[in-house]
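Data from final_25.cif: mmCIF, C-alpha atoms and all ligand atoms
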```cif
data_start
#
loop_
_atom_site.label_atom_id
_atom_site.label_comp_id
_atom_site.auth_asym_id
_atom_site.auth_seq_id
_atom_site.Cartn_x
_atom_site.Cartn_y
_atom_site.Cartn_z
CA MET A 1 -3.20 -2.12 16.89
CA ILE A 2 -4.13 1.52 16.39
CA SER A 3 -0.74 3.12 16.84
CA ASP A 4 -0.40 4.08 13.14
CA LEU A 5 -3.75 5.79 13.08
CA THR A 6 -3.94 9.57 13.33
CA ILE A 7 -7.16 10.92 14.85
CA THR A 8 -8.06 14.41 13.66
CA ARG A 9 -10.90 16.71 14.65
CA THR A 10 -10.29 19.86 12.59
CA ARG A 11 -9.20 20.96 9.13
CA GLU A 12 -5.87 22.14 10.57
CA GLU A 13 -5.16 18.72 12.08
CA LEU A 14 -6.12 17.05 8.81
CA ASP A 15 -3.87 19.36 6.80
CA ALA A 16 -0.95 18.58 9.09
CA SER A 17 -1.19 14.82 8.45
CA ARG A 18 -2.68 14.29 4.97
CA GLY A 19 0.54 14.37 2.91
CA ASP A 20 0.90 15.50 -0.72
CA GLY A 21 -0.20 12.36 -2.58
CA PRO A 22 -3.72 11.32 -3.65
CA VAL A 23 -6.27 11.16 -0.84
CA VAL A 24 -9.13 8.65 -0.62
CA LEU A 25 -12.11 9.40 1.63
CA VAL A 26 -14.64 6.93 3.04
CA PRO A 27 -17.40 8.89 4.81
CA THR A 28 -19.26 7.03 7.58
CA MET A 29 -21.44 7.66 10.59
CA GLY A 30 -19.42 5.16 12.64
CA ALA A 31 -20.80 1.95 14.22
CA LEU A 32 -18.56 0.32 11.64
CA HIS A 33 -19.35 -3.16 10.32
CA ASP A 34 -18.01 -5.35 7.51
CA GLY A 35 -19.82 -3.22 4.90
CA HIS A 36 -17.80 -0.18 5.93
CA VAL A 37 -14.62 -2.29 6.08
CA GLN A 38 -15.16 -3.32 2.47
CA LEU A 39 -15.33 0.36 1.42
CA LEU A 40 -12.08 0.99 3.30
CA LYS A 41 -10.38 -1.99 1.65
CA HIS A 42 -11.62 -0.87 -1.77
CA GLY A 43 -10.28 2.62 -1.13
CA ARG A 44 -6.91 1.60 0.34
CA PRO A 45 -5.03 1.01 -2.96
CA LEU A 46 -6.58 4.03 -4.72
CA GLY A 47 -4.40 6.68 -3.07
CA ASP A 48 -1.52 7.40 -0.70
CA THR A 49 -3.63 8.55 2.24
CA LEU A 50 -6.82 6.78 3.30
CA VAL A 51 -9.15 8.93 5.39
CA ALA A 52 -12.23 7.53 7.16
CA SER A 53 -14.61 10.16 8.45
CA ILE A 54 -16.84 9.36 11.41
CA PHE A 55 -19.61 11.88 11.93
CA VAL A 56 -23.26 11.33 12.84
CA ASN A 57 -24.72 14.13 10.77
CA PRO A 58 -27.68 15.83 12.49
CA THR A 59 -29.04 17.52 9.35
CA GLN A 60 -29.89 14.24 7.63
CA PHE A 61 -32.13 13.13 10.51
CA ALA A 62 -35.65 14.60 10.71
CA PRO A 63 -37.12 15.47 14.12
CA GLY A 64 -38.31 12.20 15.70
CA GLU A 65 -35.78 10.06 13.80
CA ASP A 66 -33.00 8.20 15.60
CA PHE A 67 -30.22 10.82 15.76
CA GLU A 68 -29.88 10.53 19.54
CA GLU A 69 -30.05 6.71 19.69
CA TYR A 70 -27.88 6.12 16.61
CA PRO A 71 -25.18 3.67 17.79
CA ARG A 72 -21.86 5.31 18.66
CA THR A 73 -18.94 2.88 19.06
CA PHE A 74 -15.89 5.08 18.56
CA ASP A 75 -13.21 2.91 20.19
CA ALA A 76 -14.27 -0.21 18.29
CA ASP A 77 -14.45 1.89 15.09
CA LEU A 78 -10.82 2.94 15.55
CA GLU A 79 -9.77 -0.73 15.79
CA ARG A 80 -11.63 -1.55 12.57
CA CYS A 81 -10.09 1.44 10.80
CA ALA A 82 -6.59 0.42 11.86
CA GLU A 83 -7.16 -3.15 10.67
CA ALA A 84 -8.40 -1.90 7.29
CA GLY A 85 -5.30 0.25 6.74
CA VAL A 86 -6.79 3.69 7.41
CA ASP A 87 -4.18 6.43 7.86
CA ILE A 88 -6.39 9.20 9.25
CA VAL A 89 -9.70 9.16 11.06
CA PHE A 90 -11.50 12.48 10.72
CA ALA A 91 -14.02 12.79 13.55
CA PRO A 92 -15.17 16.42 13.66
CA THR A 93 -17.56 17.93 16.19
CA VAL A 94 -20.95 19.32 15.14
CA ASP A 95 -19.49 22.83 15.66
CA THR A 96 -16.64 22.14 13.25
CA MET A 97 -19.07 20.90 10.58
CA TYR A 98 -21.75 23.53 11.23
CA PRO A 99 -19.95 26.57 12.68
CA THR A 100 -22.94 28.84 12.06
CA GLY A 101 -25.46 26.37 13.53
CA LEU A 102 -27.67 23.64 12.13
CA ASP A 103 -30.11 26.06 10.48
CA THR A 104 -27.29 26.81 8.12
CA THR A 105 -28.32 29.15 5.34
CA VAL A 106 -26.44 27.32 2.59
CA MET A 107 -27.58 23.74 1.92
CA VAL A 108 -27.21 21.59 -1.18
CA ASP A 109 -30.49 21.12 -3.08
CA PRO A 110 -30.56 17.53 -4.39
CA GLY A 111 -32.98 18.39 -7.22
CA PRO A 112 -35.91 16.20 -8.29
CA LEU A 113 -34.22 12.90 -7.38
CA GLY A 114 -34.09 14.05 -3.76
CA SER A 115 -37.85 13.84 -3.33
CA VAL A 116 -38.61 10.36 -4.72
CA LEU A 117 -38.14 6.89 -3.12
CA GLU A 118 -36.30 7.55 0.18
CA GLY A 119 -36.87 11.27 -0.35
CA ALA A 120 -40.65 10.79 -0.48
CA VAL A 121 -40.56 9.27 3.02
CA ARG A 122 -37.71 11.47 4.34
CA PRO A 123 -38.13 14.82 2.54
CA THR A 124 -35.17 16.61 4.17
CA HIS A 125 -32.80 13.63 4.26
CA PHE A 126 -30.84 14.05 1.05
CA ARG A 127 -30.28 17.76 1.42
CA GLY A 128 -28.65 16.93 4.76
CA VAL A 129 -26.61 14.11 3.21
CA LEU A 130 -25.41 16.14 0.23
CA THR A 131 -24.61 19.14 2.43
CA VAL A 132 -22.45 17.11 4.81
CA VAL A 133 -20.73 15.25 1.98
CA ALA A 134 -19.97 18.56 0.22
CA LYS A 135 -18.52 19.88 3.48
CA LEU A 136 -16.44 16.71 3.96
CA PHE A 137 -15.16 17.03 0.39
CA GLY A 138 -14.21 20.65 1.13
CA LEU A 139 -12.45 19.79 4.37
CA VAL A 140 -10.67 16.60 3.30
CA ARG A 141 -10.27 17.51 -0.41
CA PRO A 142 -10.14 13.86 -1.53
CA ASP A 143 -9.29 12.71 -5.05
CA VAL A 144 -11.53 9.65 -4.65
CA ALA A 145 -14.50 9.01 -2.35
CA VAL A 146 -16.05 5.58 -1.79
CA PHE A 147 -19.72 4.90 -0.98
CA GLY A 148 -21.83 1.73 -0.66
CA GLU A 149 -24.42 0.57 -3.18
CA LYS A 150 -26.49 -0.36 -0.13
CA ASP A 151 -27.65 3.29 -0.09
CA TYR A 152 -28.12 3.35 -3.84
CA GLN A 153 -30.08 6.58 -4.16
CA GLN A 154 -27.49 8.31 -1.99
CA LEU A 155 -24.70 7.02 -4.25
CA VAL A 156 -26.45 8.25 -7.41
CA LEU A 157 -27.15 11.67 -5.85
CA ILE A 158 -23.57 12.10 -4.62
CA ARG A 159 -22.29 11.21 -8.11
CA GLN A 160 -24.67 13.77 -9.59
CA MET A 161 -23.59 16.41 -7.06
CA ALA A 162 -19.87 15.81 -7.68
CA GLN A 163 -20.47 16.29 -11.40
CA ALA A 164 -23.00 19.13 -11.24
CA LEU A 165 -20.96 21.19 -8.76
CA CYS A 166 -17.63 20.36 -10.50
CA LEU A 167 -16.16 19.04 -7.25
CA GLY A 168 -13.41 17.07 -8.98
CA VAL A 169 -13.91 13.99 -6.80
CA ASP A 170 -14.06 10.52 -8.37
CA VAL A 171 -17.09 8.93 -6.64
CA GLN A 172 -16.85 5.14 -6.55
CA GLY A 173 -19.47 2.60 -5.45
CA CYS A 174 -18.98 -0.77 -3.70
CA PRO A 175 -21.34 -3.76 -3.69
CA THR A 176 -23.51 -4.42 -0.66
CA VAL A 177 -22.10 -6.70 2.05
CA ARG A 178 -24.68 -9.11 3.47
CA GLU A 179 -25.26 -11.53 6.32
CA ALA A 180 -25.26 -15.23 5.36
CA ASP A 181 -29.06 -15.13 4.99
CA GLY A 182 -28.92 -12.15 2.62
CA LEU A 183 -29.83 -9.31 5.00
CA ALA A 184 -27.76 -6.24 4.06
CA LEU A 185 -25.47 -5.21 6.91
CA SER A 186 -26.63 -2.01 8.54
CA SER A 187 -25.88 -0.28 11.82
CA ARG A 188 -29.66 -0.11 12.30
CA ASN A 189 -30.06 -3.93 12.21
CA ALA A 190 -29.16 -3.72 15.90
CA TYR A 191 -32.68 -2.33 16.49
CA LEU A 192 -34.38 -5.54 15.19
CA SER A 193 -36.00 -7.94 17.67
CA SER A 194 -35.26 -11.62 17.04
CA ASP A 195 -38.64 -12.13 15.28
CA GLN A 196 -38.04 -9.09 13.10
CA ARG A 197 -34.53 -10.34 12.36
CA GLN A 198 -36.12 -13.57 11.03
CA GLN A 199 -38.49 -11.58 8.81
CA ALA A 200 -35.95 -9.08 7.45
CA PRO A 201 -34.09 -11.33 4.93
CA ALA A 202 -37.35 -11.55 2.93
CA LEU A 203 -36.44 -8.15 1.48
CA TYR A 204 -33.36 -9.55 -0.26
CA ARG A 205 -35.24 -12.73 -1.21
CA ALA A 206 -37.78 -10.47 -2.92
CA LEU A 207 -35.03 -8.62 -4.79
CA ARG A 208 -33.52 -11.93 -5.90
CA ALA A 209 -36.91 -13.18 -7.07
CA GLY A 210 -37.36 -9.97 -9.04
CA ALA A 211 -33.90 -10.27 -10.60
CA ALA A 212 -34.61 -13.90 -11.52
CA ALA A 213 -37.62 -12.71 -13.54
CA ALA A 214 -35.58 -10.00 -15.36
CA ALA A 215 -35.77 -11.68 -18.77
CA ASP A 216 -39.59 -11.51 -18.63
CA GLY A 217 -39.67 -7.72 -18.39
CA PRO A 218 -40.62 -5.03 -15.84
CA ASP A 219 -44.10 -6.29 -14.87
CA ALA A 220 -42.79 -9.79 -14.18
CA VAL A 221 -39.92 -8.42 -12.06
CA LEU A 222 -42.25 -6.38 -9.87
CA ALA A 223 -44.82 -9.18 -9.55
CA ALA A 224 -42.20 -11.76 -8.53
CA ALA A 225 -40.70 -9.48 -5.88
CA ARG A 226 -44.13 -8.44 -4.60
CA ARG A 227 -45.14 -12.11 -4.11
CA VAL A 228 -42.21 -12.68 -1.74
CA VAL A 229 -42.87 -9.61 0.42
CA ASP A 230 -46.58 -10.43 0.58
CA ASP A 231 -45.80 -14.01 1.67
CA ALA A 232 -43.59 -12.60 4.44
CA SER A 233 -46.34 -10.13 5.50
CA ILE A 234 -44.01 -7.17 5.11
CA ASP A 235 -45.51 -3.71 4.79
CA LEU A 236 -43.54 -1.92 2.10
CA ASP A 237 -42.76 1.77 1.85
CA TYR A 238 -41.91 1.17 -1.79
CA LEU A 239 -40.82 -1.38 -4.35
CA ALA A 240 -39.50 0.35 -7.46
CA LEU A 241 -37.86 -0.65 -10.71
CA THR A 242 -35.64 1.98 -12.34
CA ASP A 243 -32.69 2.30 -14.68
CA SER A 244 -29.24 2.52 -13.08
CA ASP A 245 -29.59 6.32 -12.66
CA LEU A 246 -33.01 5.90 -11.00
CA GLY A 247 -34.90 7.01 -14.13
CA GLU A 248 -37.45 4.95 -16.07
CA PRO A 249 -36.32 1.33 -16.61
CA VAL A 250 -35.38 0.51 -20.21
CA PRO A 251 -35.61 -3.08 -21.51
CA GLY A 252 -32.21 -4.32 -22.66
CA GLN A 253 -30.34 -2.02 -20.25
CA ASP A 254 -29.08 -2.12 -16.66
CA ALA A 255 -31.86 -1.80 -14.11
CA ARG A 256 -32.18 -1.43 -10.31
CA LEU A 257 -34.88 -2.89 -8.16
CA LEU A 258 -35.16 -1.00 -4.87
CA VAL A 259 -37.13 -1.82 -1.75
CA ALA A 260 -37.81 -0.15 1.59
CA ALA A 261 -39.90 -1.33 4.52
CA ARG A 262 -40.33 -0.60 8.17
CA ILE A 263 -39.77 -3.80 10.13
CA GLY A 264 -40.44 -2.92 13.75
CA LYS A 265 -38.46 0.19 14.63
CA PRO A 266 -35.95 0.45 11.79
CA ARG A 267 -36.66 1.23 8.17
CA LEU A 268 -34.63 -1.20 6.09
CA ILE A 269 -33.60 -0.48 2.50
CA ASP A 270 -31.99 -2.70 -0.08
CA ASN A 271 -31.54 -2.95 -3.85
CA ILE A 272 -30.21 -5.18 -6.60
CA GLY A 273 -28.92 -4.57 -10.12
CA PHE A 274 -29.49 -6.66 -13.28
CA THR A 275 -30.05 -6.35 -17.00
CA LEU A 276 -33.72 -6.04 -17.87
CA GLY A 277 -35.30 -8.08 -20.65
CA SER A 278 -38.32 -6.98 -22.66
CA GLY A 279 -40.63 -9.83 -21.68
P1 LIG B 1 -23.33 4.92 7.15
O1 LIG B 1 -22.28 4.86 8.20
O2 LIG B 1 -24.50 4.03 7.38
O3 LIG B 1 -23.71 6.35 6.80
O4 LIG B 1 -22.68 4.34 5.84
C1 LIG B 1 -21.42 4.79 5.39
C2 LIG B 1 -21.14 4.15 4.06
O5 LIG B 1 -21.14 2.74 4.19
C3 LIG B 1 -22.19 4.51 3.00
O6 LIG B 1 -21.52 4.76 1.76
C4 LIG B 1 -23.02 3.26 2.94
O7 LIG B 1 -23.65 3.06 1.70
C5 LIG B 1 -21.97 2.19 3.20
N1 LIG B 1 -22.59 0.95 3.66
C6 LIG B 1 -23.45 0.79 4.69
N2 LIG B 1 -23.85 -0.49 4.79
C7 LIG B 1 -23.22 -1.17 3.79
C8 LIG B 1 -23.23 -2.53 3.36
N3 LIG B 1 -23.95 -3.47 3.97
N4 LIG B 1 -22.46 -2.86 2.28
C9 LIG B 1 -21.72 -1.92 1.65
N5 LIG B 1 -21.68 -0.62 2.01
C10 LIG B 1 -22.41 -0.25 3.07
#
```

For the file at hand, write its structure as structure tokens.
Amino acid sequence: MISDLTITRTREELDASRGDGPVVLVPTMGALHDGHVQLLKHGRPLGDTLVASIFVNPTQFAPGEDFEEYPRTFDADLERCAEAGVDIVFAPTVDTMYPTGLDTTVMVDPGPLGSVLEGAVRPTHFRGVLTVVAKLFGLVRPDVAVFGEKDYQQLVLIRQMAQALCLGVDVQGCPTVREADGLALSSRNAYLSSDQRQQAPALYRALRAGAAAAADGPDAVLAAARRVVDDASIDLDYLALTDSDLGEPVPGQDARLLVAARIGKPRLIDNIGFTLGSG
């Protein structure tokens, strides 16, 4: 049932259908799964008009990454949007988003947080992400925007951007939706072979083991998580313990444990939050 859904491709089409009340935006790259649906359901009661954007953003992929192969499932995405109560799907073309070309002269600089963790492995990724999100905010002009904690560094950086650039958008985060065995849902899980699919839940098991050691302090958290990934023979890109803004962890305060690993073709990332003890 997609008859109530309006599909828009341009700012003019958006303007014609967005109404005057509060607008909620859920940005996505499509290939929608239950994680995206949760963001849509979270956003639904927060405004009058719920907009889902579907745009595979070329500037956040480095040369050699999976921009071309990234799954594109537009018709199924529309069904999911309709079921989740979306009013407007905004699916712009690359030309609409980058009218002067991809080597656009104005890009958002993420600052120091853009070059650590994911940014250390993907140095141009966050400037692409923040640039497209800033453009989406400018085109859709939402009051609220909803992002997943699954991409925790992205969520923190978008919050920082909204504040630093005075964008006037309330950026809200939603918990990670997982498979029954703990693997975080991701459009890229489709790239896993069946053996790799068996190995992948060890990442979340490691995060849980780390969280279970929280009362014993930072070293214990990292050691407990590390044991699980070593047992599963997973080659990590990083395992990091931070505070909830990705700064130094502080005993007695909220902390985040973040992990990234390449398992076969895809890089998988995950994270967990807990209160850190002092050990
Ligand atoms: P993507 O389409 O992968 O760019 O993701 C669009 C939004 O969905 C981002 O805010 C992601 O953090 C969020 N997201 C992706 N996977 C999950 C998940 N498993 N649980 C919750 N949110 C998710």

Show me which residues sit within 9 Å of ligand LIG 1 (chain B) when counting all atoms listed in the file, and put them as a PyMOL selection string. chain A and resi 26-39+54-57+146-152+154-155+173-179+183-188

If we count all atoms listed in the file and set the cut-off at 8 Å, which residues sit around range 13-25 of chain A, ignoring sequence neighbours fewer than 3 positions away in its own chain? Please answer as a compact mmCIF listing (two decimals) with C-alpha atoms, in the coordinates of the input.
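To be explicit, this is the file written out as out-v7.txt:
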```txt
# COMPACT_ATOMS: atom_id res chain seq x y z
CA THR A 6 -3.94 9.57 13.33
CA THR A 8 -8.06 14.41 13.66
CA ARG A 9 -10.90 16.71 14.65
CA THR A 10 -10.29 19.86 12.59
CA GLY A 43 -10.28 2.62 -1.13
CA ARG A 44 -6.91 1.60 0.34
CA LEU A 46 -6.58 4.03 -4.72
CA GLY A 47 -4.40 6.68 -3.07
CA ASP A 48 -1.52 7.40 -0.70
CA THR A 49 -3.63 8.55 2.24
CA LEU A 50 -6.82 6.78 3.30
CA VAL A 51 -9.15 8.93 5.39
CA ALA A 52 -12.23 7.53 7.16
CA SER A 53 -14.61 10.16 8.45
CA ILE A 88 -6.39 9.20 9.25
CA PHE A 90 -11.50 12.48 10.72
CA VAL A 140 -10.67 16.60 3.30
CA ARG A 141 -10.27 17.51 -0.41
CA PRO A 142 -10.14 13.86 -1.53
CA ASP A 143 -9.29 12.71 -5.05
CA VAL A 144 -11.53 9.65 -4.65
CA ALA A 145 -14.50 9.01 -2.35
CA VAL A 146 -16.05 5.58 -1.79
```

Find, counting all atoms listed in the file, the residue in A:Tyr238, A:Gly138, A:Arg267, A:Gly273 that gets nearest to Asp66 in chain A.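 Among the listed residues, A:Arg267 lies closest to Asp66 in chain A.
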
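Residue neighbourhood of Gly210 in chain A, excluding near-sequence residues (fewer than 6 positions): Tyr204, Asp216, Gly217, Pro218, Asp219, Ala220, Val221, Leu222, Ala223, Ala224, Ala225, Arg226, Arg227, Val228, Leu241, Leu257, Ile272 and Phe274 of chain A, at 10 Å, using all atoms listed in the file.
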
Spatial neighbours of Leu157 in chain A, max dist 8 Å, all atoms listed in the file, sep filter under 6 positions, as a PDB file with C-alpha atoms, keeping the file's coordinate frame:
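This is the output file part17.pdb:
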```pdb
ATOM      1  CA  PRO A 110     -30.560  17.530  -4.390  1.00  0.00           C
ATOM      2  CA  LEU A 113     -34.220  12.900  -7.380  1.00  0.00           C
ATOM      3  CA  GLY A 114     -34.090  14.050  -3.760  1.00  0.00           C
ATOM      4  CA  LEU A 130     -25.410  16.140   0.230  1.00  0.00           C
TER       5      LEU A 130
END
```

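Going from CA of Leu239 in chain A over to CA of Val259 in chain A, you cover 4.5 Å.
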
For Leu136 in chain A, the nearest of the candidates A:Gln253, A:Ser194, A:Thr96, A:Ser278, counting all atoms listed in the file: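 Looking only at the distances to Leu136 in chain A, the closest residue turns out to be A:Thr96.
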
Separation of CA of Thr59 in chain A and CA of Glu12 in chain A, in Å?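 For CA of Thr59 in chain A relative to CA of Glu12 in chain A, the distance reads 23.7 Å.
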
Which is closest to Ala232 in chain A among A:Ile269, A:Cys81, A:Ala200, A:Val108, if we use only C-alpha atoms?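 Answer, going by the shortest atom-to-atom distance: A:Ala200.
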
Interatomic distance between CA of Ile7 in chain A and CA of Ala91 in chain A?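 Interatomic distance, CA of Ile7 in chain A to CA of Ala91 in chain A: 7.2 Å.
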
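When all atoms listed in the file are used to compute distances to Tyr191 in chain A, the closest of the residues A:Lys265, A:Val129, A:Ser233, A:Ala82 turns out to be A:Lys265.
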
Find the axis-aligned box for range 42-53 of chain A, covering all its listed atoms and adding 3 Å on each side, and write its centre and edge lengths in Å to one decimal as JSON.
```
{"center_x": -8.1, "center_y": 4.6, "center_z": 1.9, "size_x": 19.1, "size_y": 17.0, "size_z": 19.2}
```

List as a count of residues only the protein and nucleic acid residues near Thr131 in chain A, meaning an atom at most 7 Å away when all atoms listed in the file are counted, but skip any in the same chain fewer than 3 places from it. 6

Using only C-alpha atoms, which residue out of A:Asp170, A:Asp77, A:Asp254, A:Asp235 lies closest to Leu268 in chain A?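 Counting only C-alpha atoms, the residue closest to Leu268 in chain A is A:Asp235.
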